[in-house]
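Structure file coords.pdb; described as PDB, C-alpha atoms, pLDDT in the B column.
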```
ATOM      1  CA  MET A 177     117.231 160.157 125.768  1.00 61.00           C
ATOM      2  CA  ASN A 178     115.184 162.407 123.625  1.00 76.00           C
ATOM      3  CA  ARG A 179     111.401 162.493 123.704  1.00 74.00           C
ATOM      4  CA  MET A 180     110.958 160.322 120.617  1.00 72.00           C
ATOM      5  CA  SER A 181     113.153 157.471 121.901  1.00 85.00           C
ATOM      6  CA  THR A 182     111.452 157.641 125.316  1.00 89.00           C
ATOM      7  CA  ARG A 183     108.080 157.243 123.649  1.00 89.00           C
ATOM      8  CA  ARG A 184     109.398 154.361 121.551  1.00 90.00           C
ATOM      9  CA  LEU A 185     110.733 152.612 124.661  1.00 91.00           C
ATOM     10  CA  TYR A 186     107.392 153.113 126.422  1.00 94.00           C
ATOM     11  CA  ASP A 187     105.561 151.624 123.423  1.00 93.00           C
ATOM     12  CA  LYS A 188     107.834 148.567 123.462  1.00 94.00           C
ATOM     13  CA  VAL A 189     107.357 147.992 127.187  1.00 95.00           C
ATOM     14  CA  MET A 190     103.579 148.339 126.901  1.00 96.00           C
ATOM     15  CA  THR A 191     103.587 145.933 123.952  1.00 96.00           C
ATOM     16  CA  ILE A 192     105.338 143.338 126.100  1.00 96.00           C
ATOM     17  CA  VAL A 193     102.946 143.926 129.022  1.00 97.00           C
ATOM     18  CA  GLY A 194      99.957 143.631 126.696  1.00 96.00           C
ATOM     19  CA  THR A 195     101.314 140.374 125.312  1.00 96.00           C
ATOM     20  CA  LEU A 196     101.797 138.971 128.812  1.00 97.00           C
ATOM     21  CA  MET A 197      98.212 139.879 129.665  1.00 97.00           C
ATOM     22  CA  ILE A 198      97.062 137.450 126.955  1.00 97.00           C
ATOM     23  CA  PHE A 199      98.408 134.619 129.099  1.00 97.00           C
ATOM     24  CA  PHE A 200      96.470 136.010 132.061  1.00 97.00           C
ATOM     25  CA  TYR A 201      93.193 136.048 130.094  1.00 98.00           C
ATOM     26  CA  PHE A 202      93.659 132.504 128.799  1.00 98.00           C
ATOM     27  CA  GLY A 203      94.868 131.304 132.201  1.00 97.00           C
ATOM     28  CA  LEU A 204      91.880 132.732 134.031  1.00 97.00           C
ATOM     29  CA  ALA A 205      89.508 131.279 131.456  1.00 97.00           C
ATOM     30  CA  SER A 206      91.206 127.891 131.829  1.00 96.00           C
ATOM     31  CA  VAL A 207      90.902 128.006 135.614  1.00 96.00           C
ATOM     32  CA  LEU A 208      87.221 128.843 135.299  1.00 95.00           C
ATOM     33  CA  LEU A 209      86.511 126.093 132.782  1.00 94.00           C
ATOM     34  CA  PHE A 210      88.742 123.212 133.856  1.00 95.00           C
ATOM     35  CA  THR A 211      89.186 123.413 137.637  1.00 93.00           C
ATOM     36  CA  ASP A 212      87.047 123.556 140.731  1.00 93.00           C
ATOM     37  CA  ALA A 213      89.037 126.477 142.174  1.00 93.00           C
ATOM     38  CA  VAL A 214      86.028 128.759 141.721  1.00 91.00           C
ATOM     39  CA  ASN A 215      82.952 127.580 143.571  1.00 93.00           C
ATOM     40  CA  ALA A 216      80.217 128.477 141.080  1.00 92.00           C
ATOM     41  CA  GLU A 217      77.800 126.776 138.744  1.00 95.00           C
ATOM     42  CA  LYS A 218      79.221 125.485 135.474  1.00 94.00           C
ATOM     43  CA  THR A 219      76.935 127.791 133.472  1.00 95.00           C
ATOM     44  CA  LEU A 220      78.220 130.853 135.290  1.00 96.00           C
ATOM     45  CA  LYS A 221      81.819 129.761 134.775  1.00 95.00           C
ATOM     46  CA  VAL A 222      81.203 129.381 131.036  1.00 96.00           C
ATOM     47  CA  ILE A 223      79.496 132.797 130.873  1.00 96.00           C
ATOM     48  CA  PHE A 224      82.648 134.393 132.291  1.00 96.00           C
ATOM     49  CA  ALA A 225      85.210 132.182 130.543  1.00 97.00           C
ATOM     50  CA  VAL A 226      83.969 132.510 126.956  1.00 97.00           C
ATOM     51  CA  PRO A 227      84.302 136.325 126.837  1.00 98.00           C
ATOM     52  CA  LEU A 228      87.779 135.994 128.371  1.00 97.00           C
ATOM     53  CA  LEU A 229      88.761 133.580 125.613  1.00 97.00           C
ATOM     54  CA  LEU A 230      87.294 135.822 122.921  1.00 98.00           C
ATOM     55  CA  TYR A 231      89.007 138.889 124.359  1.00 98.00           C
ATOM     56  CA  GLY A 232      92.271 136.950 124.543  1.00 97.00           C
ATOM     57  CA  CYS A 233      91.958 136.114 120.840  1.00 98.00           C
ATOM     58  CA  TYR A 234      91.250 139.758 120.056  1.00 98.00           C
ATOM     59  CA  ARG A 235      94.316 140.782 122.064  1.00 97.00           C
ATOM     60  CA  ILE A 236      96.450 138.300 120.132  1.00 97.00           C
ATOM     61  CA  VAL A 237      95.619 140.139 116.918  1.00 97.00           C
ATOM     62  CA  LEU A 238      96.330 143.545 118.492  1.00 96.00           C
ATOM     63  CA  SER A 239      99.585 142.337 120.052  1.00 96.00           C
ATOM     64  CA  TYR A 240     100.743 140.876 116.762  1.00 96.00           C
ATOM     65  CA  GLN A 241     100.175 144.229 115.069  1.00 96.00           C
ATOM     66  CA  LYS A 242     101.901 146.136 117.882  1.00 95.00           C
ATOM     67  CA  ILE A 243     104.877 143.767 117.926  1.00 95.00           C
ATOM     68  CA  ARG A 244     105.353 144.200 114.174  1.00 95.00           C
ATOM     69  CA  GLU A 245     105.006 147.969 114.509  1.00 93.00           C
ATOM     70  CA  ASN A 246     107.290 148.437 117.519  1.00 91.00           C
ATOM     71  CA  PHE A 247     109.957 145.792 116.996  1.00 91.00           C
ATOM     72  CA  PHE A 248     110.231 145.080 113.275  1.00 90.00           C
ATOM     73  CA  GLU A 249     109.559 148.331 111.439  1.00 83.00           C
ATOM     74  CA  GLU A 250     112.223 150.907 110.795  1.00 75.00           C
ATOM     75  CA  GLU A 251     112.282 153.868 113.123  1.00 68.00           C
ATOM     76  CA  GLU A 252     111.203 157.175 111.545  1.00 63.00           C
ATOM     77  CA  GLU A 253     113.214 160.249 112.432  1.00 56.00           C
TER      78      GLU A 253
END
```
Since I need it in another form, could you write the structure as structure tokens?
Amino acid sequence: MNRMSTRRLYDKVMTIVGTLMIFFYFGLASVLLFTDAVNAEKTLKVIFAVPLLLYGCYRIVLSYQKIRENFFEEEEE
């Protein structure tokens, strides 16, 4: 594999990892908001969960752009 295709493969793998992390952010926020698994006051849970949800939404936009760039655009040579 040449250097360019190695970089392209790395970008694709990191795009997939970044997309999977979105589920982690939303999952952690859901656990904080909707379960009693974390023993803390409701206010504190909301203070931590809302930024996780916002960051998850931000990552959705970035992942969408990266997926289009890495999987659906023609490769330049």
- Given the file shown, enumerate the residues that the PyMOL selection byres ((chain A and resi 228) around 8) captures and present them as a ChimeraX atom specification. /A:201-202,204-205,224-227,229-232
- Please write the residues picked by the PyMOL selection byres ((chain A and resi 247) around 12) on this file as a ChimeraX atom specification. /A:184-185,187-189,191-192,239-246,248-251
- Expansion of the PyMOL selection byres ((chain A and resi 209) around 7) into residues, as a PyMOL selection string: chain A and resi 205-208+210-211+221-222+225
- For each of A:Ala213, A:Thr195, A:Thr219, A:Gly203, take the minimum atom-to-atom distance to A:Val237, counting only C-alpha atoms, then give the residue where this is smallest. A:Thr195
- Query: In Å to one decimal, how far is atom CA of A:Arg235 from atom CA of A:Thr182?
  - Reply: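 Spanning atom CA of A:Thr182 to atom CA of A:Arg235 is a straight-line distance of 24.3 Å.
Pairwise distance (atom CA of A:Cys233, atom CA of A:Leu196) equals 13.0 Å.
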- Interatomic distance (Å, one decimal) between atom CA of A:Met180 and atom CA of A:Val193: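 Straight-line distance from atom CA of A:Met180 to atom CA of A:Val193 works out to 20.1 Å.
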Please write C-alpha atoms of stretch 205-239 of chain A, from the structure given just now, as an mmCIF file, in the first residue's frame.
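Listing of result20.cif after writing:
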```cif
data_model
loop_
_atom_site.group_PDB
_atom_site.id
_atom_site.type_symbol
_atom_site.label_atom_id
_atom_site.label_comp_id
_atom_site.auth_asym_id
_atom_site.auth_seq_id
_atom_site.Cartn_x
_atom_site.Cartn_y
_atom_site.Cartn_z
ATOM 1 C CA ALA A 205 -26.556 11.025 28.428
ATOM 2 C CA SER A 206 -29.529 8.647 28.433
ATOM 3 C CA VAL A 207 -28.152 6.720 31.403
ATOM 4 C CA LEU A 208 -27.653 9.969 33.287
ATOM 5 C CA LEU A 209 -31.124 11.291 32.513
ATOM 6 C CA PHE A 210 -33.358 8.219 32.584
ATOM 7 C CA THR A 211 -31.865 5.735 35.061
ATOM 8 C CA ASP A 212 -30.786 5.641 38.666
ATOM 9 C CA ALA A 213 -27.455 3.989 37.799
ATOM 10 C CA VAL A 214 -25.612 7.156 38.818
ATOM 11 C CA ASN A 215 -26.243 8.179 42.399
ATOM 12 C CA ALA A 216 -26.378 11.968 42.061
ATOM 13 C CA GLU A 217 -28.887 14.772 42.247
ATOM 14 C CA LYS A 218 -31.140 15.240 39.233
ATOM 15 C CA THR A 219 -29.764 18.749 38.644
ATOM 16 C CA LEU A 220 -26.208 17.463 38.465
ATOM 17 C CA LYS A 221 -27.232 14.694 36.077
ATOM 18 C CA VAL A 222 -28.887 17.243 33.781
ATOM 19 C CA ILE A 223 -25.818 19.514 33.930
ATOM 20 C CA PHE A 224 -23.682 16.644 32.626
ATOM 21 C CA ALA A 225 -26.227 15.116 30.239
ATOM 22 C CA VAL A 226 -27.197 18.238 28.282
ATOM 23 C CA PRO A 227 -23.636 19.000 27.088
ATOM 24 C CA LEU A 228 -23.257 15.330 26.118
ATOM 25 C CA LEU A 229 -26.413 15.563 24.023
ATOM 26 C CA LEU A 230 -25.291 18.819 22.423
ATOM 27 C CA TYR A 231 -21.838 17.422 21.692
ATOM 28 C CA GLY A 232 -23.437 14.298 20.232
ATOM 29 C CA CYS A 233 -25.495 16.476 17.880
ATOM 30 C CA TYR A 234 -22.372 18.388 16.887
ATOM 31 C CA ARG A 235 -20.579 15.101 16.208
ATOM 32 C CA ILE A 236 -23.461 13.944 14.018
ATOM 33 C CA VAL A 237 -22.864 16.909 11.725
ATOM 34 C CA LEU A 238 -19.097 16.295 11.645
ATOM 35 C CA SER A 239 -19.543 12.564 11.040
#
```
